[in-house]
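Novice: To start, I am sharing the structure in question, which I have written as C-alpha cells.
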Amino acid sequence: MSNSRHLSTALKTAFTAALPIVLGYVVLGIPCGILGVQAGMSLVQIALMSLLFYSGAGQYLIPNLWLAGVPLGSIIASVSLVNMRQILYSASLSRYAEGVGKRLSLLFAATVTDESFGINLARFDDPKAGWTVRQATAVNLFSLSSWTLSCLLGAWLGSLLQVPVALASFAMTSIFICLLFAQRFTRPTVVAALTAAVAVLLCKLAGLAGPAIIIGALTGIAAAMLVSLSQHQREQDGTP
Amino acid sequence: MSWASFLIILACCMATMLACRVLPLFVLKGRQLPERLEQALGYIPPAAFAALVANDLLTLPAAEAEPWPILIPLLAAIPVVVIARKTRSLLWCIVAGVATFGLLMLIPL
C-alpha cells in the first residue's frame with residue numbers, strides 16, 4: 001500500500017516535470033508528421049521512426065533532405081553528426097546512473113533528448129528534489145509518448161490537408177535557429193557557426209548541395225578547434 | 001519513400017544515435033571525458049546548427065526565378081532570432097517562424 005502510494009507520487013512528480021516537454025512536443029511533432037507524409041512516409045514508418053530513432057532534429061532532417069534528392073549516405077552522415085551532441089548529455093548523466101541496474105540505465109540513456117536532458121539535469125542537481133533515474137526515465141517516456149502521438153497526429157492531418165512543404169519545413173528551420181541562438185557565444189563558438197555557414201554557402205555554389213551540411217559542420221568544428229588552440233597557446237606564452 | 005530506403009536510413013541513424021546516447025553513460029561511469037574531446041564535442045552544436053540554418057536559408061537563385069521566394073525564409077528568420085535570444089523557447093520560435101512565413105507567402109509579389 002505505502003509502496004504503491006510512493007510509486008504514484010513519484011510518477012506524478014515525473015509527469016509534472018515532463019509536462020512542458022509533453023506540450024512542446026505536440027507543437028513540434030505535428031509539422032514533423034506532416035513533413036514525413038510529404039516525403040512519402042507511411043503511418044507505420046513514421047511511428048517506427050518516432051519510437052526507435054526518437055530525434056526531433058533527425059526526423060525533420062530526413063524527409064527534408066530526402067525531398068531535396070540528397071543521397072542516402074549524405075542523409076545518414078548529416079543526421080548522425082547533428083546527433084553527436086548526445087554524447088555530451090550521456091557523459092554528463094553517467095554520474096547519476098552509478099549503482100543503477102543495467103536495464104533501467106539502458107532505457108534511461110536511450111530515451112534522452114535535448115529537452116528531457118535539461119529538465120532532468122536540473123532535478124538531479126537539486127538536492128531537495130531527491131531525483132531518481134527511475135523518475136528521470138519516466139520523464140523520458142512521457143516525452144517519447146507525446147512525441148510519437150504528435151507525429152502520428154501530424155501525419156494524419158498531413159494526409160487530410162494540403163500544407164505547403166515550404167511552410168512545414170520552416171518549422172524545422174525555426175527550431176534550428178532557436179537551438180543556434182540559444183548557444184553560449186564565445187570566440188570559438190562564433191567562429192564555428194560563421195565558418196560552418198560560409199562553408200555551406202561555398203558548397204552550394206560549387207554544386208555540392210548533398211554533403212553541404214556535413215562538410216559545413218565539420219569545417220566549423222575544425223576552425224573552432226584551431227581558434228581555441230591558438231588562444232590556449234597565447235595564454236601559455238603570456239603574450240596578449 | 002520505399003521500405004528499402006526507409007530501413008537503411010532508420011537502421012543507420014538509429015545505430016549512431018543509440019551509440020551516442022548509451023555508450024558514454026556505460027563506459028564513463030561518472031568519469032570525465034578527455035578535455036580536448038569534450039571541447040570538440042562542445043563545438044558540434046554551434047557548427048551543426050549554423051550549417052543547418054545556412055542550408056535552409058541560403059537558396060541559390062535559379063536564372064529565371066523571382067527573388068521573392070528566396071527572400072521569404074530570410075525575412076521570416078528575423079523574428080525567430082529575436083525570440084530565440086529573448087525566450088530560448090522552441091515553442092514560440094516555431095509559432096513565430098511559421099506564422100511569419102505563412103503571412104509572407106500570402107503577399108502577392
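Residues are referred to by chain and number: the chain letter is A, B, ... according to the order shown in the C-alpha cells, the number counts from 1 in that chain, and ligands are numbered separately from 1 in the order shown.
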Tell me which protein, DNA and RNA residues are within 9 Å of range 213-224 of chain A, counting only C-alpha atoms, leaving out same-chain ones fewer than 3 positions away, and put them as a ChimeraX atom specification.
Specialist: /A:74,77-79,81-82,187-203,209-210,227-229 /B:40-52,54-55
Novice: Got a sec to tell me which of range 47-216 of chain A DSSP assigns to helix (DSSP H, G or I), as an MDAnalysis selection string?
Specialist: chainID A and resid 47:52 56:67 72:83 86:97 102:110 114:124 127:129 133:160 165:181 187:205 212:216
Novice: Find the spatial neighbours of range 9-13 of chain B, counting only C-alpha atoms, within a cut-off of 9 Å - ignore same-chain residues fewer than 4 positions away - and output them as a PyMOL selection string.
Specialist: (chain A and resi 48-49+52-53+58+62+72-73+75-77+79-80) or (chain B and resi 4-5+17-18)
Novice: Restricting the calculation to only C-alpha atoms, which member of B:Leu103, B:Val81, B:Val53, B:Leu23 is positioned closest to Ser94 in chain A?
Specialist: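 Closest to Ser94 in chain A, using only C-alpha atoms: B:Leu23.
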Novice: What's the 10 Å shell around range 155-169 of chain A, counting only C-alpha atoms, without same-chain residues fewer than 2 positions away, as JSON, numbers by chain?
Specialist: {"A": [29, 30, 31, 32, 33, 34, 35, 36, 37, 38, 39, 41, 42, 43, 46, 47, 60, 61, 63, 64, 67, 149, 150, 151, 152, 153, 171, 172, 173, 174], "B": [56, 69, 73, 97, 98, 99, 100, 101, 102, 105]}
Novice: For the residues in the current selection, export N, CA and C atoms as a compact mmCIF listing (two decimals), in the first residue's frame.
Specialist:
# COMPACT_ATOMS: atom_id res chain seq x y z
N GLY A 29 5.84 18.03 -32.97
CA GLY A 29 5.60 16.76 -33.66
C GLY A 29 4.65 16.89 -34.84
N ILE A 30 3.66 17.77 -34.74
CA ILE A 30 2.66 17.87 -35.81
C ILE A 30 3.29 18.24 -37.17
N PRO A 31 4.08 19.36 -37.24
CA PRO A 31 4.69 19.65 -38.55
C PRO A 31 5.65 18.55 -38.99
N CYS A 32 6.28 17.86 -38.02
CA CYS A 32 7.21 16.78 -38.36
C CYS A 32 6.47 15.63 -39.05
N GLY A 33 5.27 15.29 -38.53
CA GLY A 33 4.46 14.25 -39.16
C GLY A 33 3.99 14.67 -40.54
N ILE A 34 3.60 15.95 -40.67
CA ILE A 34 3.16 16.47 -41.97
C ILE A 34 4.28 16.33 -43.00
N LEU A 35 5.50 16.70 -42.57
CA LEU A 35 6.66 16.63 -43.46
C LEU A 35 6.96 15.18 -43.87
N GLY A 36 6.82 14.27 -42.89
CA GLY A 36 7.06 12.85 -43.18
C GLY A 36 6.14 12.33 -44.26
N VAL A 37 4.85 12.69 -44.14
CA VAL A 37 3.87 12.27 -45.15
C VAL A 37 4.24 12.84 -46.51
N GLN A 38 4.70 14.11 -46.51
CA GLN A 38 5.06 14.73 -47.79
C GLN A 38 6.26 14.06 -48.44
N ALA A 39 7.14 13.46 -47.60
CA ALA A 39 8.28 12.73 -48.16
C ALA A 39 7.89 11.31 -48.55
N MET A 41 6.38 9.00 -46.51
CA MET A 41 6.46 8.00 -45.44
C MET A 41 5.04 7.59 -45.04
N SER A 42 4.89 6.29 -44.69
CA SER A 42 3.58 5.81 -44.24
C SER A 42 3.45 6.03 -42.73
N LEU A 43 2.23 5.85 -42.22
CA LEU A 43 2.00 6.00 -40.77
C LEU A 43 2.87 5.03 -39.97
N ILE A 46 6.40 6.29 -39.90
CA ILE A 46 6.53 7.44 -39.01
C ILE A 46 6.50 7.00 -37.55
N ALA A 47 5.62 6.03 -37.23
CA ALA A 47 5.56 5.52 -35.85
C ALA A 47 6.86 4.82 -35.47
N TYR A 60 13.11 15.69 -38.71
CA TYR A 60 12.82 16.78 -39.64
C TYR A 60 13.78 16.73 -40.81
N LEU A 61 15.04 16.44 -40.48
CA LEU A 61 16.11 16.49 -41.47
C LEU A 61 15.93 15.40 -42.54
N PRO A 63 13.18 13.69 -43.91
CA PRO A 63 12.27 13.95 -45.03
C PRO A 63 12.69 15.14 -45.87
N ASN A 64 13.26 16.17 -45.20
CA ASN A 64 13.66 17.38 -45.91
C ASN A 64 14.77 17.09 -46.92
N LEU A 67 13.45 14.84 -49.74
CA LEU A 67 12.70 15.61 -50.75
C LEU A 67 13.64 16.41 -51.64
N LEU A 149 2.86 10.24 -30.54
CA LEU A 149 1.45 10.52 -30.84
C LEU A 149 1.31 11.79 -31.67
N SER A 150 2.13 12.82 -31.37
CA SER A 150 2.02 14.08 -32.11
C SER A 150 2.49 13.93 -33.55
N CYS A 151 3.53 13.14 -33.76
CA CYS A 151 4.00 12.89 -35.13
C CYS A 151 2.90 12.17 -35.92
N LEU A 152 2.23 11.20 -35.26
CA LEU A 152 1.16 10.47 -35.94
C LEU A 152 -0.03 11.39 -36.22
N LEU A 153 -0.33 12.28 -35.25
CA LEU A 153 -1.41 13.24 -35.46
C LEU A 153 -1.08 14.13 -36.66
N ALA A 171 9.10 25.16 -39.96
CA ALA A 171 9.03 24.82 -38.53
C ALA A 171 10.39 24.30 -38.08
N MET A 172 10.99 23.46 -38.95
CA MET A 172 12.31 22.92 -38.64
C MET A 172 13.38 24.01 -38.62
N THR A 173 13.33 24.89 -39.64
CA THR A 173 14.31 25.97 -39.68
C THR A 173 14.21 26.80 -38.40
N SER A 174 12.98 27.06 -37.93
CA SER A 174 12.79 27.85 -36.71
C SER A 174 13.42 27.15 -35.51
N ASP B 56 19.15 25.91 -44.92
CA ASP B 56 17.73 26.22 -45.14
C ASP B 56 17.51 27.62 -45.69
N PRO B 69 10.52 34.46 -53.43
CA PRO B 69 10.55 33.19 -52.69
C PRO B 69 11.87 32.96 -51.96
N PRO B 73 12.26 33.09 -46.54
CA PRO B 73 12.86 32.47 -45.36
C PRO B 73 13.82 33.41 -44.62
N GLY B 97 7.98 31.69 -36.35
CA GLY B 97 8.57 31.41 -37.65
C GLY B 97 7.52 31.00 -38.67
N VAL B 98 6.68 30.03 -38.30
CA VAL B 98 5.68 29.53 -39.25
C VAL B 98 4.64 30.61 -39.56
N ALA B 99 4.23 31.39 -38.53
CA ALA B 99 3.24 32.44 -38.77
C ALA B 99 3.80 33.51 -39.72
N THR B 100 5.04 33.97 -39.47
CA THR B 100 5.63 34.98 -40.35
C THR B 100 5.79 34.44 -41.76
N PHE B 101 6.28 33.21 -41.85
CA PHE B 101 6.48 32.59 -43.16
C PHE B 101 5.16 32.50 -43.93
N GLY B 102 4.11 32.07 -43.22
CA GLY B 102 2.79 31.95 -43.84
C GLY B 102 2.27 33.29 -44.33
N MET B 105 4.08 34.42 -47.38
CA MET B 105 3.66 33.65 -48.57
C MET B 105 2.40 34.24 -49.20
Novice: Quick check, in Å to one decimal: how far apart do CA of Gly118 in chain A and CA of Tyr89 in chain A lie?
Specialist: 9.1 Å
Novice: Near Leu23 in chain A, counting only C-alpha atoms, which residues have an atom at most 12 Å away, once you skip same-chain residues fewer than 5 positions from it, shown as a compact mmCIF listing (two decimals) with C-alpha atoms, in the first residue's frame?
Specialist:
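That gives us around02.txt:
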# COMPACT_ATOMS: atom_id res chain seq x y z
CA PHE A 15 4.62 13.85 -15.04
CA THR A 16 4.60 17.41 -13.66
CA ALA A 17 8.28 17.72 -14.61
CA ALA A 18 7.59 16.31 -18.08
CA LEU A 28 6.99 20.14 -32.57
CA GLY A 29 5.60 16.76 -33.66
CA ILE A 30 2.66 17.87 -35.81
CA GLU A 115 14.69 18.92 -23.64
CA PHE A 142 6.17 10.59 -21.13
CA SER A 143 8.03 12.77 -23.65
CA LEU A 144 8.55 9.87 -26.06
CA SER A 145 4.82 9.04 -25.96
CA SER A 146 3.86 12.65 -26.62
CA TRP A 147 6.35 12.87 -29.49
CA LEU A 149 1.45 10.52 -30.84
CA SER A 150 2.02 14.08 -32.11
CA LEU B 90 11.36 26.21 -29.12
CA LEU B 91 7.61 26.56 -28.96
Novice: Rounded to one decimal in Å, what is the spacing between CA of Thr59 in chain B and CA of Phe176 in chain A?
Specialist: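 Between CA of Thr59 in chain B and CA of Phe176 in chain A the gap works out to 16.4 Å.
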Novice: I need the residue nearest Asp114 in chain A from this list: A:Ala91, A:Leu51, A:Ala57, A:Ala136. Use only C-alpha atoms for the distance.
Specialist: A:Ala57
Novice: Which residue is closest to Leu37 in chain B? Choose from A:Ile87, A:Leu141, A:Leu104, A:Ile177 and count only C-alpha atoms.
Specialist: A:Ile87
Novice: Mind checking which residues fall within 9 Å of Leu106 in chain A, counting only C-alpha atoms, ignoring those fewer than 3 positions away in the same chain, and posting them as a list of chain:residue names?
Specialist: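 Contacts, with the query itself left out: A:Gly101, A:Lys102, A:Arg103, A:Ala109, A:Ala110, A:Thr111, B:Val22, B:Leu25, B:Phe26.
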Novice: Could you save those same residues with N, CA and C atoms as a compact mmCIF listing (two decimals), in the first residue's frame?
Specialist:
# COMPACT_ATOMS: atom_id res chain seq x y z
N GLY A 101 20.52 -0.37 -12.03
CA GLY A 101 20.51 -1.61 -12.81
C GLY A 101 20.77 -1.35 -14.29
N LYS A 102 21.34 -2.38 -14.96
CA LYS A 102 21.73 -2.22 -16.37
C LYS A 102 20.54 -1.90 -17.27
N ARG A 103 19.42 -2.63 -17.05
CA ARG A 103 18.28 -2.46 -17.95
C ARG A 103 17.67 -1.07 -17.84
N ALA A 109 19.16 5.93 -20.77
CA ALA A 109 20.12 6.54 -21.69
C ALA A 109 19.57 6.62 -23.11
N ALA A 110 18.82 5.59 -23.53
CA ALA A 110 18.36 5.52 -24.91
C ALA A 110 17.22 6.49 -25.21
N THR A 111 16.65 7.12 -24.18
CA THR A 111 15.48 7.97 -24.41
C THR A 111 15.74 9.44 -24.02
N VAL B 22 23.92 5.93 -25.50
CA VAL B 22 24.08 4.89 -24.48
C VAL B 22 25.54 4.69 -24.06
N LEU B 25 27.42 6.81 -21.21
CA LEU B 25 26.88 6.59 -19.87
C LEU B 25 27.43 5.30 -19.26
N PHE B 26 27.56 4.25 -20.09
CA PHE B 26 28.03 2.97 -19.57
C PHE B 26 29.56 2.93 -19.44
